[in-house]
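Notes to accompany the following structure.
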Amino acid sequence: MGLRAWAAGLFLGLALAGVARADLGGQQVEFAATGRFDQLEQLMEGEAGRHPLETPDLHALCYAYSKTKRYDRLFSCLDRLQQAIARGPRHTRLFGLDDATPSVHLMRAGALIELGQFARAEAEAAQVIAWMDREGGFDKDMEIEALAVRSIAATLTGRREEGEREAQRLEKVSVAWPLASDYAPIKAMGLARAWSALGRFDKALAAIRADKSFEFKVFLDNLVSGAALRGESNWVWAELPRAFLINHALLETGDWGAARTGFDKLLANPAIMANGEISWLALYDRGRIAEHDGQAAEALTYYRQAIEIIERQRSTIQTEAAKIGFVADKQAVYGRAVALAIDAGQPARAFEFTERAKARALVDLLAAKDDFAAPSGAGSQVLSLLGEMRVAEAESRVQAGGVRSAGAELRGRPPKAERAQAALSSLSPELASLILVSALSAEDVQSRLADDEEVLEFYASGKSLYAMTLSRGQVTGVKLETNGLEEQVRKFRQDIEARAPDVEAQAKALYDRIIRPVEAKLKATNLLVIPHGVLHYVSFATLHDGRDYWVASKNLRFLPSASVVRFLRPASGKPVGDLLAIGNPDLKDARFDLPSAEQEARAIGRSVPSATVLTRGQATETAFRKMVSQGRYVHIASHGEYNPDDALQSRLLLAADGANDGSLTTDELYGLRLNADLVTLSACETGLGRVLTGDDVIGLTRGFLYAGASSVVASLWQVDDDATTRLMEAFYRNMEKGASKSAALRDAQLEVRRKWAHPFFWGAFFLTGRVT
C-alpha cells in the first residue's frame, strides 16, 4: 500500500488538474488515493448491482466499507472477497497487491478493534504476519499495521507484556526515504497507537514527533487531489485523530499549557463536530484541563457538551479506536460531571448526571440487541422502527471524504432516526429507554415517591463513590471514602457466608462507611436503595447502625436506577394466587440436584390458591415460557448463575427439552412478556468474581422487570434449606394478610432471625421493584 498508494494519489491528482481518467480502475484508484471513500463505495456498489464482482473490484468495495465504517456491510463483503480470492484471480487493482489475502485479515482486524472484539482482532492481525512469513510477501505498511493491531489488541485484553513486545518489534521495522513515502507516518502513528494503548504517552509523543514527513505528505495529498481547490480535505478522518492523539499525549505527560493550546485550536475548528467520537474526547480532555486550571464551572460545561454528544448514539462502537490506539471510557465523563456538581453544592444536578450515567450503561449493555418484546399488538411496528433506527445510525457513522473546514455540524441522529425514535418513545417508552439515554430529574423521581419513602442512591466512578439522598423537597449529596472498600465488601460477604461470629462488627464498620455520612437525612421507614458497583453485593438489611441491624428499622426495596420507577407495572391488587412454582429442575447432573428447592416449591404451592407446581423433568424452559405469562406470582427455586463478564448471559437453569436448552438468559428475558405481580428467585446466588461491577446482579432482575414483573425477590447467596423454606412461607403468608411486599419480606426475615440469629440465614434476600 505505502509508496504505491501515495504515488497513485500524486499521479491521479495531477490527472484531475488536466487529463481525467474515465475507466473504472482509474476511478477506483483516484477515489482511494484522495480519501473519497464514500464515492468509491457508491461507484463499486453500482458495479455490484450490474454484475458479480471479482477480486480486484470486490477488494475495492470492501476497502471502501472499511474506511467509511459500514460494519454492517464490511464483514459479509470480506467473506465474499475471501471466496473470490480462492477462485481467482487473487490480485487487486488498488495498491497493486499480487494477493489480497493479507488485506482481508487486516481490514477485519481494524473493524474488530473498533467493535471491541480485541481477541479476534489480534488473531486476524496474526494471520497477516503468518501469511507474510509463509508466502514471502512483503508490504511494509501491512506489516506495520498488523504489528500495531497485535500490540493494541494484546494490551486491551490485559496482556500488557505481549503488547509491549509487539510495540518494540514495530519500533525495529525500518522505513526508507521518509520524505518520499508514507511508510514513515504510518509507522509513527502505528507506534503512537500501540504506546497509547499501553499508557506510555511519552513514547507515543516521541514516535509522532520523530516523523517529519506527515505534514508534507498531507499538503501534497490535498493539493494534488484537488481537495484544496474544492475547499475540502480528509482532515476530519485522517489528520484529526493524529492531532487529537498528540494533544492527549501532551495532557497525559503533564504539558498542560501545550495541551490547552492544542485542544483550543482543535475545538475552534467547526469541522471537528463531523467526527463525533473525537469531538467528545476532545471536550472531555479540555474539561480535564479546565479542572486542572481551577475553572470548575468551565470544566462542567465541557463535560456536559461531551455527554450530549455521547448520548446521540446508541451503539458502543469506537469508530476511532483503531486510529488512536485506546478505547475511551464514556462513564469517566459522567463521573467527573457528578464530582464537580457535588463539589459545587449542586446535588440535584449530580443526581441527574448519575441517572444519565446509569441509563447510558444500560444502553451500552443492550446496544447489540434488537429482539425486544414489544407491547401487545405493536410487534411489527416496533421491529420496523428499530430497523429504521439501526440503518440511520449506521449512516451516521459513515466517514465520507471531502468534509469542508467551515460550517460542519455534529453528526448525531439524522432526521429519519429522530422521527423513528420519537415514534418508538410514544409507542413503548420503556423499550425506548433501553436504546436511548432517558433519565428522570430529581424532582420527577421525588414526585413518584410515596409520602413516607426516601431514596438513597450511590454512584461509583473510578476510585470515587458518591451517596445522594432524595426526600420530599430535598436532595443531598456527599463523597464517600473508597480506599479498601472492595476488600471490605468481599470480606463481609465471605464471612457472612462462612457464618463467622464477628460479622456484626463488620456490619457496623460498613454502615459507618457508607450510611453514617447521610444517616441524618434518612428518617423514613420506607427506603428505596439504588446501589452501584461493588455495593450491589452488599446486603443492606444486614448493615448495623450501632443499635441493631437495618432489617429491624427499614422496609427496603431496590432499583437498578431511580428512573426505572416510571416503568414499574402496577400490581393487580388481587390476593396472592395464580402461582407458578418451579423447583429443582432436572439438570441431568446429580451435583445440581436441589431436593430442598423441590420441597420449597411444593410447600409454597400448597399454601397459595390456584398454584401450578413444576419439578424435575416437568420444570422445563419450554413449560416456563408457555405458562409464565399466566402466573401473577412466579416462584423459581433453581440454580441461577450470575455472569460478571457478560451480564446478558447471567441465567436461570431449567430442564432442557427438544425445544429449548434449559438456559434462560438475561438476554432472553428482554424478549418475554409477563404479567406477574412478583417473581421470586430463591436459589440464585451472586459470586464474588474478579471484578465487582454489579451488572451481573441487576441483570436478571432488570430483565424480569422489563418483561413485565412488578417486583422481583432474589438472593445474594445460597441460604440454608430450612431457613429459606421458612422465610418464603412467611413471606407469602404476610402478603396474603395484606402487607406490602417490602414489609412482608422484612417481617419474614425477622421471623427467621428469631430462630436463626446469624445474618447468613435471613439476610440474603432483597426486593427489587414495586412494594405494592
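Every chain in the C-alpha cells has a letter given in the order shown (A, B, ...), and although residue numbers restart at 1 in each chain, ligands are simply numbered from 1 in the order shown.
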At a cut-off of 8 Å, using only C-alpha atoms, what residues contact A:Ala714? Leave out same-chain residues fewer than 3 positions from it and give the result as an MDAnalysis selection string. chainID A and resid 680:682 684 701 765:767
(message) Neighbouring residues of stretch 350-357 of chain A were defined as those with any atom within 7 Å, considering only C-alpha atoms; residues of the same chain fewer than 5 positions away were excluded. Please report them as a list of chain:residue names.
(response)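 Near stretch 350-357 of chain A, the qualifying residues are A:Gln331, A:Tyr334, A:Ala337, A:Val338, A:Ala341, A:Ile342, A:Val437, A:Ser438, A:Ala439, A:Ser441, A:Ala442, A:Tyr459, A:Ser561, A:Ser563.
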Please save N, CA, C and O atoms of the selected residues as a JSON list (two decimals), in the first residue's frame.
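Written file, result37.json:
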```json
[["chain", "number", "residue", "atom", "x", "y", "z"],
["A", 331, "GLN", "N", -18.05, 6.45, 30.74],
["A", 331, "GLN", "CA", -18.51, 6.65, 32.11],
["A", 331, "GLN", "C", -17.62, 7.62, 32.88],
["A", 331, "GLN", "O", -18.08, 8.26, 33.83],
["A", 334, "TYR", "N", -19.14, 11.11, 32.78],
["A", 334, "TYR", "CA", -20.22, 11.27, 33.75],
["A", 334, "TYR", "C", -19.65, 11.38, 35.17],
["A", 334, "TYR", "O", -20.14, 12.17, 35.99],
["A", 337, "ALA", "N", -18.42, 14.81, 35.85],
["A", 337, "ALA", "CA", -19.56, 15.74, 35.95],
["A", 337, "ALA", "C", -20.23, 15.61, 37.31],
["A", 337, "ALA", "O", -20.58, 16.62, 37.94],
["A", 338, "VAL", "N", -20.43, 14.38, 37.78],
["A", 338, "VAL", "CA", -21.02, 14.16, 39.10],
["A", 338, "VAL", "C", -20.13, 14.77, 40.18],
["A", 338, "VAL", "O", -20.62, 15.47, 41.09],
["A", 341, "ALA", "N", -20.37, 18.57, 40.22],
["A", 341, "ALA", "CA", -21.67, 19.03, 40.70],
["A", 341, "ALA", "C", -21.77, 18.89, 42.22],
["A", 341, "ALA", "O", -22.29, 19.78, 42.90],
["A", 342, "ILE", "N", -21.25, 17.79, 42.75],
["A", 342, "ILE", "CA", -21.24, 17.60, 44.21],
["A", 342, "ILE", "C", -20.38, 18.67, 44.87],
["A", 342, "ILE", "O", -20.78, 19.32, 45.85],
["A", 437, "VAL", "N", -30.70, 7.09, 25.83],
["A", 437, "VAL", "CA", -30.46, 7.58, 27.18],
["A", 437, "VAL", "C", -31.64, 8.45, 27.59],
["A", 437, "VAL", "O", -31.94, 9.47, 26.98],
["A", 438, "SER", "N", -32.33, 8.00, 28.62],
["A", 438, "SER", "CA", -33.51, 8.69, 29.11],
["A", 438, "SER", "C", -33.51, 8.59, 30.62],
["A", 438, "SER", "O", -33.50, 7.48, 31.17],
["A", 439, "ALA", "N", -33.53, 9.71, 31.31],
["A", 439, "ALA", "CA", -33.45, 9.69, 32.76],
["A", 439, "ALA", "C", -34.36, 10.75, 33.36],
["A", 439, "ALA", "O", -34.62, 11.79, 32.75],
["A", 441, "SER", "N", -35.31, 13.56, 36.29],
["A", 441, "SER", "CA", -34.65, 14.51, 37.19],
["A", 441, "SER", "C", -34.98, 14.15, 38.63],
["A", 441, "SER", "O", -35.89, 13.35, 38.90],
["A", 442, "ALA", "N", -34.26, 14.75, 39.56],
["A", 442, "ALA", "CA", -34.53, 14.51, 40.97],
["A", 442, "ALA", "C", -35.97, 14.89, 41.31],
["A", 442, "ALA", "O", -36.67, 14.19, 42.06],
["A", 459, "TYR", "N", -23.35, 6.23, 43.51],
["A", 459, "TYR", "CA", -22.74, 6.26, 42.18],
["A", 459, "TYR", "C", -21.23, 6.10, 42.35],
["A", 459, "TYR", "O", -20.59, 6.86, 43.08],
["A", 561, "SER", "N", -31.88, 1.80, 38.79],
["A", 561, "SER", "CA", -31.72, 3.25, 38.76],
["A", 561, "SER", "C", -33.05, 3.86, 39.16],
["A", 561, "SER", "O", -34.11, 3.22, 39.03],
["A", 563, "SER", "N", -34.71, 6.13, 37.74],
["A", 563, "SER", "CA", -35.58, 6.40, 36.60],
["A", 563, "SER", "C", -36.46, 5.21, 36.22],
["A", 563, "SER", "O", -37.47, 5.38, 35.54]]
```
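By only C-alpha atoms, and with residues fewer than 2 positions from A:Ile129 along its chain excluded, the set lying at most 9 Å from it is Pro102, Ala125, Ala126, Gln127, Trp131, Met132, Asp133, Arg134, Met142, Glu143, Ala146 and Leu147 of chain A.
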Write the selection just made, keeping N, CA, C and O atoms, as a compact mmCIF listing (two decimals), in the first residue's frame?
```txt
# COMPACT_ATOMS: atom_id res chain seq x y z
N PRO A 102 -3.83 -10.98 2.70
CA PRO A 102 -3.50 -10.27 3.94
C PRO A 102 -4.36 -9.03 4.18
O PRO A 102 -4.64 -8.68 5.32
N ALA A 125 -4.82 -10.12 12.85
CA ALA A 125 -3.51 -9.50 12.58
C ALA A 125 -2.41 -10.54 12.55
O ALA A 125 -1.46 -10.45 11.75
N ALA A 126 -2.52 -11.54 13.41
CA ALA A 126 -1.51 -12.60 13.42
C ALA A 126 -1.51 -13.36 12.10
O ALA A 126 -0.45 -13.81 11.64
N GLN A 127 -2.69 -13.47 11.47
CA GLN A 127 -2.75 -14.17 10.18
C GLN A 127 -2.02 -13.39 9.09
O GLN A 127 -1.47 -13.97 8.16
N TRP A 131 0.95 -15.03 7.11
CA TRP A 131 0.90 -15.12 5.64
C TRP A 131 2.18 -14.57 5.03
O TRP A 131 2.73 -15.17 4.10
N MET A 132 2.66 -13.45 5.55
CA MET A 132 3.89 -12.86 5.02
C MET A 132 5.08 -13.80 5.23
O MET A 132 5.93 -13.96 4.35
N ASP A 133 5.13 -14.41 6.40
CA ASP A 133 6.23 -15.35 6.67
C ASP A 133 6.15 -16.57 5.77
O ASP A 133 7.17 -17.07 5.28
N ARG A 134 4.92 -17.04 5.52
CA ARG A 134 4.72 -18.28 4.75
C ARG A 134 4.89 -18.04 3.26
O ARG A 134 5.54 -18.83 2.55
N MET A 142 1.53 -2.93 5.50
CA MET A 142 0.71 -4.01 6.06
C MET A 142 1.39 -4.61 7.29
O MET A 142 0.75 -4.93 8.29
N GLU A 143 2.69 -4.78 7.19
CA GLU A 143 3.44 -5.31 8.32
C GLU A 143 3.33 -4.36 9.52
O GLU A 143 3.08 -4.79 10.66
N ALA A 146 -0.26 -4.51 10.96
CA ALA A 146 -0.53 -5.78 11.64
C ALA A 146 0.15 -5.80 13.01
O ALA A 146 -0.45 -6.25 14.00
N LEU A 147 1.38 -5.33 13.10
CA LEU A 147 2.08 -5.29 14.39
C LEU A 147 1.40 -4.32 15.35
O LEU A 147 1.30 -4.60 16.56
```
Discussion item. I'd like to know which of A:Leu568, A:Ala655, A:Val529, A:Val175 is closest to A:Asp586, using only C-alpha atoms.
Written reply: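 Among the listed residues, A:Ala655 lies closest to A:Asp586.
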Check the DSSP output for the backbone and give back, as a ChimeraX atom specification, the residues of stretch 514-611 of chain A in strand (DSSP E).
/A:526-530,555-558,579-585,611
Would you list the contacts of A:Ala339 as a PyMOL selection string, taking every protein, DNA or RNA residue within 12 Å and counting only C-alpha atoms, but skipping same-chain residues closer than 2 positions in sequence? chain A and resi 291+296-297+299-300+303+332-337+341-347+349-351+353-354+459-468+477-480
Hey, can you spit out that residue selection with N, CA, C and O atoms as a short mmCIF file (atom, residue, chain, number, x, y, z; two decimals), in the first residue's frame?
```
data_model
loop_
_atom_site.label_atom_id
_atom_site.label_comp_id
_atom_site.auth_asym_id
_atom_site.auth_seq_id
_atom_site.Cartn_x
_atom_site.Cartn_y
_atom_site.Cartn_z
N GLU A 291 -10.35 21.78 34.76
CA GLU A 291 -10.30 21.39 36.17
C GLU A 291 -8.91 21.64 36.75
O GLU A 291 -8.77 22.17 37.87
N ALA A 296 -13.75 25.18 37.53
CA ALA A 296 -14.70 24.09 37.67
C ALA A 296 -15.95 24.30 36.83
O ALA A 296 -16.45 23.36 36.19
N ALA A 297 -16.49 25.50 36.82
CA ALA A 297 -17.71 25.76 36.05
C ALA A 297 -17.47 25.55 34.56
O ALA A 297 -18.31 24.97 33.85
N ALA A 299 -15.15 23.62 33.28
CA ALA A 299 -14.95 22.18 33.08
C ALA A 299 -16.29 21.45 32.99
O ALA A 299 -16.48 20.58 32.12
N LEU A 300 -17.23 21.80 33.86
CA LEU A 300 -18.53 21.15 33.85
C LEU A 300 -19.26 21.41 32.53
O LEU A 300 -19.96 20.53 32.01
N TYR A 303 -17.79 19.02 30.05
CA TYR A 303 -18.27 17.66 30.29
C TYR A 303 -19.72 17.50 29.83
O TYR A 303 -20.09 16.48 29.23
N ALA A 332 -16.37 7.75 32.47
CA ALA A 332 -15.47 8.69 33.15
C ALA A 332 -15.96 10.13 33.00
O ALA A 332 -15.77 10.96 33.90
N VAL A 333 -16.58 10.45 31.87
CA VAL A 333 -17.10 11.80 31.66
C VAL A 333 -18.22 12.08 32.66
O VAL A 333 -18.26 13.13 33.31
N TYR A 334 -19.14 11.11 32.78
CA TYR A 334 -20.22 11.27 33.75
C TYR A 334 -19.65 11.38 35.17
O TYR A 334 -20.14 12.17 35.99
N GLY A 335 -18.63 10.58 35.46
CA GLY A 335 -18.04 10.60 36.79
C GLY A 335 -17.49 11.95 37.16
O GLY A 335 -17.69 12.44 38.29
N ARG A 336 -16.80 12.60 36.23
CA ARG A 336 -16.25 13.93 36.51
C ARG A 336 -17.38 14.96 36.64
O ARG A 336 -17.30 15.87 37.47
N ALA A 337 -18.42 14.81 35.85
CA ALA A 337 -19.56 15.74 35.95
C ALA A 337 -20.23 15.61 37.31
O ALA A 337 -20.58 16.62 37.94
N ALA A 341 -20.37 18.57 40.22
CA ALA A 341 -21.67 19.03 40.70
C ALA A 341 -21.77 18.89 42.22
O ALA A 341 -22.29 19.78 42.90
N ILE A 342 -21.25 17.79 42.75
CA ILE A 342 -21.24 17.60 44.21
C ILE A 342 -20.38 18.67 44.87
O ILE A 342 -20.78 19.32 45.85
N ASP A 343 -19.18 18.89 44.32
CA ASP A 343 -18.27 19.90 44.89
C ASP A 343 -18.87 21.30 44.83
O ASP A 343 -18.61 22.12 45.71
N ALA A 344 -19.69 21.56 43.80
CA ALA A 344 -20.29 22.89 43.64
C ALA A 344 -21.56 23.06 44.46
O ALA A 344 -22.21 24.10 44.38
N GLY A 345 -21.91 22.03 45.25
CA GLY A 345 -23.14 22.13 46.04
C GLY A 345 -24.39 22.06 45.19
O GLY A 345 -25.41 22.67 45.51
N GLN A 346 -24.34 21.28 44.10
CA GLN A 346 -25.49 21.12 43.20
C GLN A 346 -25.91 19.64 43.17
O GLN A 346 -25.75 18.95 42.16
N PRO A 347 -26.43 19.11 44.28
CA PRO A 347 -26.75 17.67 44.34
C PRO A 347 -27.81 17.24 43.35
O PRO A 347 -27.77 16.11 42.85
N ARG A 349 -28.23 18.38 40.35
CA ARG A 349 -27.55 18.22 39.07
C ARG A 349 -26.69 16.96 39.07
O ARG A 349 -26.62 16.23 38.07
N ALA A 350 -26.04 16.69 40.20
CA ALA A 350 -25.25 15.46 40.33
C ALA A 350 -26.15 14.24 40.17
O ALA A 350 -25.77 13.25 39.51
N PHE A 351 -27.35 14.30 40.76
CA PHE A 351 -28.31 13.20 40.63
C PHE A 351 -28.69 12.99 39.17
O PHE A 351 -28.77 11.85 38.69
N PHE A 353 -26.91 13.70 36.46
CA PHE A 353 -25.80 13.07 35.74
C PHE A 353 -25.66 11.59 36.14
O PHE A 353 -25.32 10.75 35.30
N THR A 354 -25.92 11.28 37.42
CA THR A 354 -25.86 9.90 37.87
C THR A 354 -26.88 9.04 37.14
O THR A 354 -26.57 7.94 36.66
N TYR A 459 -23.35 6.23 43.51
CA TYR A 459 -22.74 6.26 42.18
C TYR A 459 -21.23 6.10 42.35
O TYR A 459 -20.59 6.86 43.08
N ALA A 460 -20.69 5.09 41.67
CA ALA A 460 -19.25 4.82 41.73
C ALA A 460 -18.62 5.13 40.39
O ALA A 460 -19.15 4.76 39.33
N SER A 461 -17.49 5.83 40.43
CA SER A 461 -16.75 6.15 39.20
C SER A 461 -15.26 6.13 39.53
O SER A 461 -14.79 6.94 40.32
N GLY A 462 -14.56 5.18 38.91
CA GLY A 462 -13.13 5.06 39.22
C GLY A 462 -12.94 4.76 40.69
O GLY A 462 -13.51 3.82 41.25
N LYS A 463 -12.16 5.57 41.35
CA LYS A 463 -11.90 5.39 42.78
C LYS A 463 -12.80 6.27 43.65
O LYS A 463 -12.56 6.41 44.85
N SER A 464 -13.82 6.86 43.04
CA SER A 464 -14.72 7.75 43.77
C SER A 464 -16.09 7.10 43.96
O SER A 464 -16.55 6.34 43.11
N LEU A 465 -16.73 7.41 45.09
CA LEU A 465 -18.07 6.91 45.39
C LEU A 465 -18.87 8.06 45.99
O LEU A 465 -18.38 8.77 46.88
N TYR A 466 -20.09 8.22 45.52
CA TYR A 466 -20.95 9.31 45.99
C TYR A 466 -22.27 8.72 46.49
O TYR A 466 -22.76 7.72 45.96
N ALA A 467 -22.83 9.35 47.51
CA ALA A 467 -24.14 8.98 48.03
C ALA A 467 -25.05 10.18 47.94
O ALA A 467 -24.67 11.29 48.35
N MET A 468 -26.24 9.96 47.38
CA MET A 468 -27.24 11.03 47.26
C MET A 468 -28.53 10.59 47.91
O MET A 468 -28.91 9.42 47.80
N GLY A 477 -26.05 15.39 48.60
CA GLY A 477 -25.01 14.54 48.02
C GLY A 477 -23.70 14.70 48.74
O GLY A 477 -23.32 15.81 49.12
N VAL A 478 -23.00 13.57 48.96
CA VAL A 478 -21.69 13.61 49.61
C VAL A 478 -20.76 12.62 48.92
O VAL A 478 -21.20 11.64 48.30
N LYS A 479 -19.47 12.89 49.04
CA LYS A 479 -18.47 11.96 48.55
C LYS A 479 -18.04 11.05 49.69
O LYS A 479 -17.84 11.51 50.82
N LEU A 480 -17.91 9.76 49.40
CA LEU A 480 -17.55 8.78 50.41
C LEU A 480 -16.12 8.29 50.21
O LEU A 480 -15.59 8.32 49.09
#
```
For A:Arg702, find every residue with an atom within 10 Å (counting only C-alpha atoms), except residues of its own chain fewer than 6 positions away, and show them as a count of residues only. 14
Item checked: Atom pair atom CA of A:Arg419 / atom CA of A:Arg312: separation (Å) ->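 Between atom CA of A:Arg419 and atom CA of A:Arg312 the gap is 13.7 Å.
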* To do: Considering only C-alpha atoms, return as a PyMOL selection string whatever protein or nucleic-acid residues lie within 7 Å of A:Ala637, sequence-local ones (same chain, fewer than 2 positions apart) excluded.
  => chain A and resi 582-584+597+601+635+681-683
ask   = Which of these residues is nearest to A:Gln313, using only C-alpha atoms: A:Lys140, A:Lys330, A:His639, A:Arg770?
value =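 Comparing A:Lys140, A:Lys330, A:His639, A:Arg770 against A:Gln313, the winner is A:Lys330.
Distance check against A:Ala32 using only C-alpha atoms: of A:Leu58, A:Ala153, A:Leu94, A:Leu251, the minimum falls on A:Leu94.
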Legend entry - Selected residue, from A:Arg159, A:His292, A:Arg70, A:Arg673, that lies nearest to A:Ala373 when counting only C-alpha atoms: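 Using only C-alpha atoms, the shortest distance to A:Ala373 belongs to A:Arg673.
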- Message: Among stretch 487-555 of chain A, which residues does DSSP mark as helix (DSSP H, G or I) when it is run on the backbone? Keep the chain and numbering as in the structure and answer as an MDAnalysis selection string.
- Response: chainID A and resid 487:497 503:514 516:521 533:537 540:542 550:552
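Picture a line from atom CA of A:Arg616 to atom CA of A:Ser638; it runs 10.2 Å.
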Nearest to A:Glu47, restricted to only C-alpha atoms and choosing among A:Gly25, A:Gly35, A:Pro241, A:Gly640, comes out as A:Gly25
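The interatomic distance for the pair atom CA of A:Ser596 and atom CA of A:Ala723 works out to 10.5 Å.
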Between A:Asp72, A:Glu751, A:Glu252, A:Asp667, smallest distance to A:Met728 by only C-alpha atoms belongs to A:Glu751
